[in-house]
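Let me begin by presenting the structure, written as structure tokens, before commenting on it.
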Amino acid sequence: MFFSTRLPNVFRILLSALLLAVFILVCMNFNALIRLSTYNSDSISTDNSTLFFAEFGWNEDLIYEVSSLEPNNKKIIHTVEHSPGFGLNPAINTHKGKIAYVVLSKDAIPSRQSSAELWIFNTHTQEAVRLARDADVSARPVLRNDGHSIIYRSSENIEGSSIVEVNLDTRVRKIIHTDSDSFGIIPVGFNQSNEILFARFDYKGTDLIKINHQQELSILFHASDEIARDWRIDPSGQNIAFLAPEFLGEKIVHRAQLMSLDGDKVNNKIMDGVSEQYAPAWRQDGALAVGTSMAPIVIDNRNSLILMPPEEGFDVPLGWSADGNYLAVRHFDGIDSYTPGSDSLVLIQQNKRMTIHNHGELIFLGWNSV
Amino acid sequence: MYKKLLGVFLLTSFFIFALVFHLRISTLHACAFDPLRPNTYEADSLRQRYMHALDAAAENQLFPGDFYFGLPRVEIGGRYNRVSGERSVPVELLRAIGWVESSLTMGSRSTKFESVGTSLVSFDCGHGIMQVTSGMTVPIGIDGKPNDKQVAVATSYPHNIARGAAVLAAKWNNAPQSRPIVGTDTNSDPSIIENWYYAVWAYNGFTGPASKKSNHPLDPTFQWPRSPYQCDGTQSRSRFPYQELVWGCMSNPAYRYGERLWEPVLVSLPNFNDPNFYNALSVSNFSFPYINMDIPTPKPSHQTSKTNISTSIGEQVVGSPQLQVSQQIVTLRINGSPDQAKATIYISNTGSGLMPWSAKSSDSFLITSPPAGIAVGNNIPCKSGDCSRVPIELTINPSLLPASSASTTVTISSPEIALSEKIQVRVYADFEVASPGTSRASD
């Protein structure tokens with residue numbers, strides 16, 4: 001017999017209740033564990049993703065491709081000469097092996113005021129094409145998810161910064177909007193209807209603005225009374241994650257925010273807590289990685305999973321491989337954003353962390369999408 | 001017949017040349033010397049001369065008493081109780097700014113060390129080691145020519161460094177009226193290096209978030225978090241606001257031949273996790289005169305280290321130059337061979353030290369190239385060419401000639417010496433051209 005018949009009834013009832021509670025708790029956690037192991041059982045396979053990154057050099061950056069299986073077996077696929085000291089600034093995303101970036105040409109005056117060139121490099125054909133010569137080297141361009149268009153910031157207009165779109169099929173360049181009223185603007189991306197989104201900063205904080213196909217502007221939402229940053233649109237083009245500063249625990253900390261692109265708040269506070277969070281990164285299946293002071297946390301509709309933490313320091317997510325098996329992060333060996341220490345490029349796969357060795361600063365470019 | 005053709009050809013060439021030259025002059029005129037470039041002297045690759053001058057400039061020992069090149073009194077005190085203090089700026093800042101601005105070089109990349117060559121001029125009219133832009137954007141001398149101060153800033157490294165130090169001091173002193181202050185808890189003491197955070201920001205432009213040349217540390221185009229700038233050439237400069245470049249170079253000195261150029265000072269940046277700093281830099285506060293942006297001193301703070309500077313260092317650096325020119329009369333012919341259309345004269349410094357000079361024509365049809373430069377004395381090392389005897393090329397802008405023959409005067413002067421030299425230049429341009437359909441007597 002499971003229960004001794006010599007125990008009083010009240011004890012038998014209490015013990016049963018306790019065992020039931022333990023069983024339920026185990027089942028709940030098991031559900032999470034099942035999800036984790038199910039997801040990662042795919043990732044443990046010998047699948048191979050290709051990572052692209054650049055290594056900064058004073059006069060030229062080297063673009064590498066590496067296999068996720070051997071991330072330190074680096075192969076140079078392109079060299080980008082640039083103005084001394086001013087390395088390339090890559091697009092937030094890649095598209096089928098196409099890498100876009102802005103860079104000051106080697107003959108340009110080494111200053112952020114110089115006009116930069118916008119390039120797109122096809123890693124398959126090794127062809128590099130210059131698309132524009134009026135880009136702003138400070139602001140990252142954004143590729144549309146279908147690869148047909150790219151937007152960038154140009155600051156050559158004396159009236160203010162402009163969002164410019166280049167049609168990658170026709171190479172036609174079009175100024176979409178020039179802003180003269182705010183501190184500045186940065187391109188953010190495209191929604192599911194391929195309408196352009198940009199962030200605008202002024203005395204009142206940060207707004208996310210949409211430009212429809214008739215070039216009419218509308219404020220999607222007020223993101224922060226301060227400077228919101230690290231905007232990332234989900235693969236469906238329906239939601240956007242970003243960081244905004246909050247006053248928590250007597251400190252100013254950046255926390256991840258999640259909004260739908262129709263302007264409705266999805267979940268303002270992705271996670272409880274008061275510690276600072278770092279750049280969000282969407283996985284192809286709609287899960288979101290957010291850096292925390294401990295380790296990146298992956299959130300989907302029902303669960304949150306903690307990725308393998310570093311021995312010391314913290315990770316800032318950069319981008320997922322297309323199959324979702326690897327997360328590239330910028331790892332800092334310091335304590336927090338004020339004392340970040342030195343940084344390195346690291347790939348995280350389930351219970352494995354792989355550091356890519358370098359001499360100069362490594363610039364994450366993206367993964368080869370399938 | 002061939003004489004007629006030659007005449008027509010020369011006349012056509014003359015007008016095309018005149019048109020192109022005129023367009024070039026009119027389109028490139030943007031900085032004090034544009035479209036030409038002044039010359040300068042680039043000192044040793046170890047930067048020892050420059051480091052010496054930086055030490056002296058920080059303590060106002062290069063040109064004490066000079067209104068333009070001397071340091072003003074640097075104010076001390078909070079926003080509403082500022083008083084005049086010492087004529088001193090932290091030398092640590094000057095070194096790092098010089099490195100960030102120019103890698104401590106006075107000349108362009110083509111100018112060799114310990115040689116005379118083209119000076120470093122950026123597209124925004126930054127000149128020399130300290131990339132001085134204030135007062136260098138347009139020629140402000142008589143007849144639209146650069147004045148002596150502009151000549152000295154562009155050509156002479158002691159003047160350039162001294163002016164950079166004076167500009168930095170002015171950024172500090174202008175703070176209560178037009179910019180925020182650092183050190184609300186330390187009486188905004190200028191001997192604390194961290195208190196210069198806003199002044200250094202302003203040295204490169206007190207620009208706000210998300211602007212083209214933003215130096216706002218919370219600008220969303222800068223990575224966040226970001227590792228400190230290492231000042232070792234392994235990081236792209238575009239990913240840091242200007243003041244963090246300077247802070248990084250103070251903490252991580254540049255190396256030359258295995259020797260670091262200065263002792264590291266691990267200066268502190270404002271902690272933007274602390275509301276005392278973050279709230280001050282709120283976007284709502286970024287409006288003139290930025291009163292709400294005042295912040296306490298970032299901790300731990302660091303005092304500048306004073307170096308013992310000889311009071312005669314200014315005289316030692318500048319020396320006692322003596323001016324000499326190679327000839328007093330020059331004849332140019334643009335109706336003759338190409339060689340006759342230009343002439344080269346030489347300026348010599350028969351004394352010691354550095355002699356900045358300018359060559360100004362009394363008439364605009366005569367071009368002097370370079371328009372300004374430097375001739376160094378025999379006590380200054382020179383590895384390439386003759387640094388004490390430098391050439392000036394004289395050419396004619398034919399479109400501005402008043403007649404087929406003209407004369408003008410070129411004045412060679414130096415801000416460092418009272419005397420000047422004058423060169424008489426005669427120009428002949430009377431072509432023998434016959435009109436079509438007419439005949440001339442045979443030669």
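In the structure tokens, chains take letters A, B, ... by order of appearance, with residues numbered from 1 within each chain and ligands from 1 in the order shown.
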For chain B against chain A, which residues fall within 10 Å using only C-alpha atoms, given as a VMD selection string?
-> chain B and resid 101 121 to 124 207 to 214 218 to 230 232 to 240 269 to 279 281 to 287
Taking the chain letters and numbering used in this document, name the residues of segment 152-205 of chain B that DSSP puts in helix (DSSP H, G or I), as a PyMOL selection string.
-> chain B and resi 152-155+157-173+175-178+193-203
Writer output for current selection, C-alpha atoms, as a CSV table (one decimal), in the first residue's frame:
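Result file part-v1.csv:
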```
chain,number,residue,atom,x,y,z
B,152,ALA,CA,50.4,81.8,-37.3
B,153,VAL,CA,47.6,79.3,-36.4
B,154,ALA,CA,47.9,77.6,-39.8
B,155,THR,CA,51.7,77.4,-40.0
B,157,TYR,CA,52.8,74.6,-34.1
B,158,PRO,CA,53.4,76.7,-30.9
B,159,HIS,CA,50.8,79.2,-32.1
B,160,ASN,CA,48.4,76.5,-33.1
B,161,ILE,CA,48.7,74.7,-29.7
B,162,ALA,CA,48.4,77.9,-27.8
B,163,ARG,CA,45.3,78.9,-29.7
B,164,GLY,CA,43.7,75.5,-29.2
B,165,ALA,CA,44.3,75.9,-25.5
B,166,ALA,CA,42.8,79.4,-25.5
B,167,VAL,CA,39.7,78.1,-27.4
B,168,LEU,CA,39.3,75.3,-24.8
B,169,ALA,CA,39.6,77.8,-22.0
B,170,ALA,CA,37.0,80.0,-23.7
B,171,LYS,CA,34.6,77.1,-24.0
B,172,TRP,CA,35.0,76.7,-20.2
B,173,ASN,CA,34.5,80.4,-19.5
B,175,ALA,CA,29.7,77.9,-19.9
B,176,PRO,CA,27.5,79.7,-17.4
B,177,GLN,CA,26.1,82.0,-20.1
B,178,SER,CA,25.8,79.6,-22.9
B,193,ILE,CA,39.8,67.1,-15.1
B,194,GLU,CA,36.3,65.6,-15.0
B,195,ASN,CA,34.8,69.1,-14.7
B,196,TRP,CA,35.9,69.8,-18.3
B,197,TYR,CA,33.4,67.2,-19.7
B,198,TYR,CA,31.1,69.9,-21.2
B,199,ALA,CA,33.9,72.1,-22.3
B,200,VAL,CA,35.5,69.3,-24.3
B,201,TRP,CA,32.1,68.4,-25.8
B,202,ALA,CA,31.8,72.0,-26.9
B,203,TYR,CA,35.4,72.0,-28.3
```
All strand (DSSP E or B) positions in segment 123-365 of chain B, as a ChimeraX atom specification | /B:127,132,182,192,255-256,259-260,295,303,323-325,329-333,343-349,354-361
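Look at Ile176 of chain A: the protein and nucleic acid residues within 12 Å of it, using only C-alpha atoms and passing over chain neighbours fewer than 6 places away, are Ile150, Ile151, Tyr152, Arg153, Ser154, Ser161, Ser162, Ile163, Val164, Glu165, Val166, Asn167, Pro187, Glu195, Ile196, Leu197, Phe198, Lys210, Ile211, Asn212, His213, Gln214, Gln215, Glu216 and Leu217 of chain A.
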Could you save the residues just selected, with C-alpha atoms, as a short mmCIF file (atom, residue, chain, number, x, y, z; two decimals), in the first residue's frame?
```
data_model
loop_
_atom_site.label_atom_id
_atom_site.label_comp_id
_atom_site.auth_asym_id
_atom_site.auth_seq_id
_atom_site.Cartn_x
_atom_site.Cartn_y
_atom_site.Cartn_z
CA ILE A 150 16.76 49.96 -48.29
CA ILE A 151 16.35 53.13 -46.25
CA TYR A 152 19.10 55.33 -44.84
CA ARG A 153 19.63 58.71 -43.23
CA SER A 154 21.09 61.52 -45.25
CA SER A 161 18.15 65.06 -41.90
CA SER A 162 16.27 63.03 -44.49
CA ILE A 163 15.05 59.47 -44.74
CA VAL A 164 16.00 58.26 -48.21
CA GLU A 165 14.85 55.05 -49.85
CA VAL A 166 16.70 53.18 -52.58
CA ASN A 167 14.77 50.69 -54.67
CA PRO A 187 15.41 54.99 -39.82
CA GLU A 195 5.42 51.38 -44.93
CA ILE A 196 8.53 53.13 -43.63
CA LEU A 197 9.04 53.71 -39.92
CA PHE A 198 11.47 56.11 -38.33
CA LYS A 210 5.04 55.94 -39.97
CA ILE A 211 5.16 57.17 -43.57
CA ASN A 212 2.52 55.54 -45.73
CA HIS A 213 2.81 54.95 -49.44
CA GLN A 214 1.35 58.41 -50.11
CA GLN A 215 4.19 59.83 -47.99
CA GLU A 216 1.79 60.97 -45.29
CA LEU A 217 3.20 60.99 -41.79
#
```
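Taking atom CA of Pro38 of chain B and atom CA of Gly141 of chain B as the two end points, the separation is 15.4 Å.
In this structure, atom CA of Ala132 of chain A sits 5.0 Å away from atom CA of Leu118 of chain A.
Residues surrounding segment 119-131 of chain A within 6 Å are Gly97, Lys98, Ile99, Ala100 and Tyr101 of chain A [only C-alpha atoms; sequence separation below 2 positions excluded].
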Please save C-alpha atoms of the selected residues as a short mmCIF file (atom, residue, chain, number, x, y, z; two decimals), in the first residue's frame.
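The resulting part_37.cif:
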```cif
data_model
loop_
_atom_site.label_atom_id
_atom_site.label_comp_id
_atom_site.auth_asym_id
_atom_site.auth_seq_id
_atom_site.Cartn_x
_atom_site.Cartn_y
_atom_site.Cartn_z
CA GLY A 97 23.55 37.02 -48.10
CA LYS A 98 23.28 40.70 -48.97
CA ILE A 99 25.03 43.00 -46.55
CA ALA A 100 24.37 46.74 -46.59
CA TYR A 101 26.49 49.35 -44.88
#
```
Which residues come within 7 Å of segment 107-114 of chain B, counting only C-alpha atoms, excluding same-chain residues fewer than 6 positions away, as a list in words?
-> Thr40, Tyr41, Glu42, Ala43, Asp44, Ser45, Leu120, Gly128, Pro381, Cys382 and Lys383 of chain B
